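So the structure is just underneath, and the comments pick up after that.
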Amino acid sequence: MLTQTTSRVLEPSDLDAALAVLDREPVANAFVTARVQVAGLDPWRLGGEMWGWYEDGMLTSLCYAGANLVPICATPRAVRAFADRARRAGRRCSSIVGPAESTAQLWRLLEPGWGPAREVRRRQPLMVTDRMPADIAPDPYVRRVRKDEMERIMPACVAMFTEEVGVSPLAGDGGLLYQARVAELVGAGRSFARFDADGRVVFKAEIGAATDRACQIQGVWVAPEYRGKGLAAPGMAAVLRYALADVAPVVSLYVNDFNTAARRTYARVGFREVGAFMSILF
């Protein structure tokens, strides 16, 4: 029994306690919760370690340390402990992302050793909805992407990622990991698109993270030549309909605060702001 305040790497036997922490904020924690529900806490299956912070013997805060560093329900004391552990381990992540307040504190502590970052996005509104919009009809041409359409959807996914993150997902390993993730979402029926008459993607989005309480839409993209033509809101309404019917009762997303067009579209479809994330990209 841990009676003092301390942090440690969690083990598979800590799964129930970790899920109880994650369940305190099901929308904000959907990304990590979905991974833990599938992989447990074994680092090889999870793709990283889960760090825990204990106060008076109780697990109160978490930090996922994999390709992303993600503070979860992290108190200021927990953030300091996680920063110490991260400094000792050295930077192995490509980004730090999480609730804005705890992520900002974590970055203040890590920046002297890990900086400079390639980009810091200090405020990314977290938006949610649990219902369909009353005044926007779903685009009837937006549908699930089939497994035999990987070659059609992949260029759109690469274009969206490069536009959003500033680097190509094909760098490094030639895109093997990214292609596997896209294929995973297509195979799970969580990739959606509208195609034009020539079979090119004109709108696409995915349900990236999914639990029984909340899911998260990601990768929203409209082909450049189709922007400004009113495809985004009906397309989002179509994806939202699938999400609410088939995946979870609450649907979320987060968006860059400077992307006013996207924020306006999401608000039109009924998403409302409930918080903010922050991302540090390396």
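So you can find residues: chains in the structure tokens are A, B, ... in the order shown, residues in each start at 1, and ligands are numbered from 1 in order.
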
Discussion item. Neighbouring residues of Arg85 in chain A were defined as those with any atom within 12 Å, considering only C-alpha atoms; residues of the same chain fewer than 3 positions away were excluded. Please report them as a PyMOL selection string.
Written reply: chain A and resi 6-9+49-53+63-65+69+78-82+88-91+106+109-110

Under the rule of at most 12 Å, produce a per-residue listing of range 142-171 of chain A near range 229-235 of chain A: chain, number, name, the closest pair of atoms, and the distance in Å, as CSV, using only C-alpha atoms.
```
residue,atom,partner,partner_atom,distance
A:Val142,CA,A:Gly235,CA,6.3
A:Arg143,CA,A:Gly235,CA,9.4
A:Arg144,CA,A:Gly235,CA,11.9
```

Worksheet item: How many Å separate CA of Cys93 in chain A from CA of Ile280 in chain A?
Response: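 CA of Cys93 in chain A sits 10.3 Å away from CA of Ile280 in chain A.
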
Practice prompt. Considering only C-alpha atoms, return as a PyMOL selection string whatever protein or nucleic-acid residues lie within 10 Å of Glu25 in chain A, sequence-local ones (same chain, fewer than 6 positions apart) excluded.
Written response: chain A and resi 33+72-73+214

Selection to disk with N, CA and C atoms, as a PDB file, in the first residue's frame:
```
ATOM      1  N   THR A  33      -8.702   6.900 -22.598  1.00  0.00           N
ATOM      2  CA  THR A  33      -9.597   5.853 -22.113  1.00  0.00           C
ATOM      3  C   THR A  33      -9.796   4.771 -23.163  1.00  0.00           C
ATOM      4  N   ILE A  72      -3.538  13.715 -17.208  1.00  0.00           N
ATOM      5  CA  ILE A  72      -4.944  13.330 -17.067  1.00  0.00           C
ATOM      6  C   ILE A  72      -5.394  13.591 -15.638  1.00  0.00           C
ATOM      7  N   CYS A  73      -6.417  14.454 -15.478  1.00  0.00           N
ATOM      8  CA  CYS A  73      -6.923  14.791 -14.137  1.00  0.00           C
ATOM      9  C   CYS A  73      -5.755  15.159 -13.224  1.00  0.00           C
ATOM     10  N   ALA A 214     -18.303   8.401 -24.576  1.00  0.00           N
ATOM     11  CA  ALA A 214     -17.989   9.561 -25.421  1.00  0.00           C
ATOM     12  C   ALA A 214     -17.112   9.127 -26.588  1.00  0.00           C
TER      13      ALA A 214
END
```

Fill in: Selected residue of minimal separation from Ala74 in chain A among A:Leu22, A:Ala30, A:Ala209, A:Leu41, counting only C-alpha atoms
A:Leu22

For Val247 in chain A, work out the shell of residues within 9 Å, counting only C-alpha atoms and skipping chain neighbours fewer than 5 positions away, then give it as a short mmCIF file (atom, residue, chain, number, x, y, z; two decimals) with C-alpha atoms, in the first residue's frame.
```cif
data_model
loop_
_atom_site.label_atom_id
_atom_site.label_comp_id
_atom_site.auth_asym_id
_atom_site.auth_seq_id
_atom_site.Cartn_x
_atom_site.Cartn_y
_atom_site.Cartn_z
CA ILE A 207 -14.30 9.03 -35.23
CA ALA A 210 -14.48 5.85 -28.91
CA THR A 211 -15.69 4.66 -25.53
CA ASP A 212 -19.19 3.75 -24.41
CA ARG A 213 -19.57 7.22 -22.85
CA ALA A 214 -17.99 9.56 -25.42
CA CYS A 215 -16.30 9.64 -28.80
CA TYR A 242 -23.38 7.97 -37.35
#
```

Fill in: All residues 10 Å or closer to Gly66 in chain A, only C-alpha atoms, same chain fewer than 5 positions away omitted, as a PyMOL selection string
chain A and resi 43+46-50+92-96

Got time to write the residues from that selection, C-alpha atoms, as a tab-separated table (two decimals), in the first residue's frame?
```tsv
chain	number	residue	atom	x	y	z
A	43	PRO	CA	3.32	-0.81	-22.02
A	46	LEU	CA	-0.59	0.37	-24.76
A	47	GLY	CA	2.22	1.92	-26.80
A	48	GLY	CA	3.65	3.71	-23.77
A	49	GLU	CA	3.70	3.85	-20.00
A	50	MET	CA	0.94	5.09	-17.74
A	92	ARG	CA	10.45	10.42	-26.47
A	93	CYS	CA	7.13	11.97	-27.54
A	94	SER	CA	6.24	13.96	-30.65
A	95	SER	CA	3.79	16.15	-28.75
A	96	ILE	CA	2.39	17.10	-25.36
```

Item to complete: Would you please give, as a PyMOL selection string, all residues of range 12-261 of chain A that DSSP assigns to strand (DSSP E) based on the backbone?
Response: chain A and resi 49-55+58-65+68-72+95-99+119-129+143-144+191-195+201-210+215-222+251-254

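If you count only C-alpha atoms and ignore residues fewer than 5 places along the chain from Leu240 in chain A, what sits within 10 Å of it is Thr129, Asp130, Arg131, Met132, Pro133, Pro138, Ile207, Ile217, Pro234, Gly235, Ala245, Asp246, Val247, Val250, Val251, Ser252 and Val269 of chain A.
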
Kindly save the residues from that selection, with all heavy atoms included, as a short mmCIF file (atom, residue, chain, number, x, y, z; two decimals), in the first residue's frame.
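selection-v3.cif written:
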```cif
data_model
loop_
_atom_site.label_atom_id
_atom_site.label_comp_id
_atom_site.auth_asym_id
_atom_site.auth_seq_id
_atom_site.Cartn_x
_atom_site.Cartn_y
_atom_site.Cartn_z
N THR A 129 -21.40 17.80 -28.22
CA THR A 129 -22.84 17.82 -28.45
C THR A 129 -23.38 16.43 -28.18
O THR A 129 -22.65 15.44 -28.26
CB THR A 129 -23.20 18.28 -29.88
OG1 THR A 129 -24.61 18.44 -29.97
CG2 THR A 129 -22.76 17.27 -30.93
N ASP A 130 -24.66 16.36 -27.86
CA ASP A 130 -25.29 15.07 -27.65
C ASP A 130 -26.57 14.93 -28.47
O ASP A 130 -27.40 14.07 -28.22
CB ASP A 130 -25.61 14.85 -26.16
CG ASP A 130 -26.53 15.92 -25.59
OD1 ASP A 130 -26.95 16.82 -26.35
OD2 ASP A 130 -26.81 15.86 -24.38
N ARG A 131 -26.72 15.79 -29.50
CA ARG A 131 -27.93 15.75 -30.31
C ARG A 131 -27.65 16.24 -31.72
O ARG A 131 -26.67 16.93 -31.98
CB ARG A 131 -29.03 16.61 -29.67
CG ARG A 131 -28.72 18.12 -29.62
CD ARG A 131 -29.56 18.80 -28.58
NE ARG A 131 -29.24 18.29 -27.24
CZ ARG A 131 -29.96 18.56 -26.16
NH1 ARG A 131 -31.03 19.31 -26.25
NH2 ARG A 131 -29.60 18.08 -24.98
N MET A 132 -28.56 15.90 -32.61
CA MET A 132 -28.46 16.35 -33.98
C MET A 132 -28.93 17.80 -34.11
O MET A 132 -29.82 18.22 -33.36
CB MET A 132 -29.31 15.46 -34.89
CG MET A 132 -28.78 14.05 -35.06
SD MET A 132 -27.18 14.01 -35.89
CE MET A 132 -27.62 14.65 -37.52
N PRO A 133 -28.37 18.56 -35.06
CA PRO A 133 -28.84 19.93 -35.26
C PRO A 133 -30.25 19.93 -35.85
O PRO A 133 -30.61 19.04 -36.64
CB PRO A 133 -27.83 20.50 -36.26
CG PRO A 133 -27.30 19.30 -36.99
CD PRO A 133 -27.29 18.19 -35.99
N PRO A 138 -28.15 16.28 -42.67
CA PRO A 138 -26.92 15.55 -42.96
C PRO A 138 -26.73 15.34 -44.46
O PRO A 138 -27.69 15.09 -45.19
CB PRO A 138 -27.12 14.21 -42.25
CG PRO A 138 -28.17 14.47 -41.22
CD PRO A 138 -29.07 15.52 -41.80
N ILE A 207 -14.07 9.12 -36.67
CA ILE A 207 -14.30 9.03 -35.23
C ILE A 207 -13.06 8.35 -34.67
O ILE A 207 -12.89 7.14 -34.78
CB ILE A 207 -15.58 8.23 -34.91
CG1 ILE A 207 -16.78 8.91 -35.56
CG2 ILE A 207 -15.77 8.13 -33.41
CD1 ILE A 207 -18.06 8.09 -35.49
N ILE A 217 -14.52 13.17 -32.76
CA ILE A 217 -14.35 13.33 -34.20
C ILE A 217 -13.01 14.01 -34.46
O ILE A 217 -12.63 14.94 -33.76
CB ILE A 217 -15.50 14.14 -34.81
CG1 ILE A 217 -16.82 13.36 -34.71
CG2 ILE A 217 -15.23 14.48 -36.28
CD1 ILE A 217 -18.04 14.11 -35.21
N PRO A 234 -23.06 20.17 -43.46
CA PRO A 234 -23.83 18.95 -43.71
C PRO A 234 -22.98 17.68 -43.56
O PRO A 234 -23.49 16.65 -43.10
CB PRO A 234 -24.32 19.11 -45.15
CG PRO A 234 -24.28 20.58 -45.40
CD PRO A 234 -23.11 21.09 -44.61
N GLY A 235 -21.70 17.77 -43.95
CA GLY A 235 -20.81 16.63 -43.79
C GLY A 235 -20.62 16.28 -42.32
O GLY A 235 -20.68 15.11 -41.93
N ALA A 245 -25.65 7.45 -33.32
CA ALA A 245 -26.44 6.24 -33.51
C ALA A 245 -25.65 4.98 -33.18
O ALA A 245 -26.19 4.02 -32.63
CB ALA A 245 -26.95 6.17 -34.94
N ASP A 246 -24.36 4.98 -33.51
CA ASP A 246 -23.60 3.74 -33.48
C ASP A 246 -22.47 3.68 -32.45
O ASP A 246 -21.95 2.60 -32.18
CB ASP A 246 -22.97 3.47 -34.86
CG ASP A 246 -23.99 3.35 -35.97
OD1 ASP A 246 -25.17 3.12 -35.66
OD2 ASP A 246 -23.61 3.50 -37.15
N VAL A 247 -22.06 4.84 -31.90
CA VAL A 247 -20.82 4.82 -31.13
C VAL A 247 -21.01 5.24 -29.68
O VAL A 247 -20.72 4.50 -28.76
CB VAL A 247 -19.73 5.71 -31.80
CG1 VAL A 247 -18.41 5.61 -31.04
CG2 VAL A 247 -19.52 5.29 -33.26
N VAL A 250 -22.34 10.96 -26.42
CA VAL A 250 -21.76 12.30 -26.44
C VAL A 250 -20.63 12.31 -27.46
O VAL A 250 -19.80 11.39 -27.50
CB VAL A 250 -21.21 12.71 -25.06
CG1 VAL A 250 -20.53 14.07 -25.13
CG2 VAL A 250 -22.33 12.72 -24.03
N VAL A 251 -20.61 13.35 -28.30
CA VAL A 251 -19.60 13.46 -29.35
C VAL A 251 -18.80 14.73 -29.11
O VAL A 251 -19.37 15.80 -28.85
CB VAL A 251 -20.25 13.49 -30.75
CG1 VAL A 251 -19.19 13.54 -31.84
CG2 VAL A 251 -21.15 12.27 -30.94
N SER A 252 -17.47 14.61 -29.19
CA SER A 252 -16.60 15.77 -28.93
C SER A 252 -15.61 15.97 -30.06
O SER A 252 -15.45 15.11 -30.94
CB SER A 252 -15.83 15.56 -27.61
OG SER A 252 -14.84 14.55 -27.77
N VAL A 269 -23.45 23.27 -36.26
CA VAL A 269 -23.92 21.90 -36.16
C VAL A 269 -24.36 21.56 -34.73
O VAL A 269 -24.91 20.50 -34.48
CB VAL A 269 -22.83 20.92 -36.68
CG1 VAL A 269 -23.27 19.48 -36.62
CG2 VAL A 269 -22.46 21.26 -38.12
#
```

Item to complete: Show which residues sit within 12 Å of Val165 in chain A, as a list in words. Count only C-alpha atoms, and ignore same-chain residues fewer than 4 positions away.
Response: Ser94, Ser95, Arg118, Glu119, Val120, Arg121, Cys157, Val158, Ala159, Met160, Phe161, Pro169, Gly219, Asn256, Ser279, Ile280, Leu281 and Phe282 of chain A

Worksheet item: So which one's closest to Trp107 in chain A, A:Met278, A:Ala205, A:Leu244, A:Ile153? Using only C-alpha atoms, please.
Response: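 Of all the options, A:Met278 lies closest to Trp107 in chain A.
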
Counting only C-alpha atoms, which residues of range 202-257 of chain A fall within 7 Å of range 189-195 of chain A, and what is the closest atom pair for each with its distance in Å at one decimal, ordered by chain and rising number, as a tab-separated table?
```
residue	atom	partner	partner_atom	distance
A:Val202	CA	A:Phe195	CA	5.6
A:Phe203	CA	A:Arg194	CA	5.2
A:Lys204	CA	A:Ala193	CA	4.1
A:Ala205	CA	A:Phe192	CA	5.5
A:Glu206	CA	A:Ser191	CA	4.4
A:Ile207	CA	A:Arg190	CA	5.1
A:Val239	CA	A:Phe192	CA	6.9
```

Worksheet, complete the sentence: CA of Phe277 in chain A to CA of Val97 in chain A measures 7.0 Å

Worksheet item: Counting only C-alpha atoms, which of A:Ala261, A:Ala276, A:Leu253, A:Gly270 gets nearest to Ser102 in chain A?
Response: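 Smallest separation from Ser102 in chain A among the options: A:Ala276.
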
Worksheet entry | Nearest to Glu273 in chain A by atom-to-atom distance, counting only C-alpha atoms, from A:Gly40, A:Asp257, A:Leu177, A:Leu170 |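 Using only C-alpha atoms, the shortest distance to Glu273 in chain A belongs to A:Asp257.
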
Item to complete: Select from range 3-128 of chain A everything DSSP, run on the backbone, classes as helix (DSSP H, G or I), then give the selection as number ranges by chain.
Response: A: 12-22, 30-39, 43-46, 76-89, 100-114

Worksheet item: With only C-alpha atoms as the basis for distance, which of A:Ser168, A:Val255, A:Ala28, A:Trp221 is at the shortest distance from Phe271 in chain A?
Response: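 The closest residue to Phe271 in chain A is A:Val255.
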
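A straight line drawn from CA of Val32 in chain A to CA of Val70 in chain A is 8.2 Å long.
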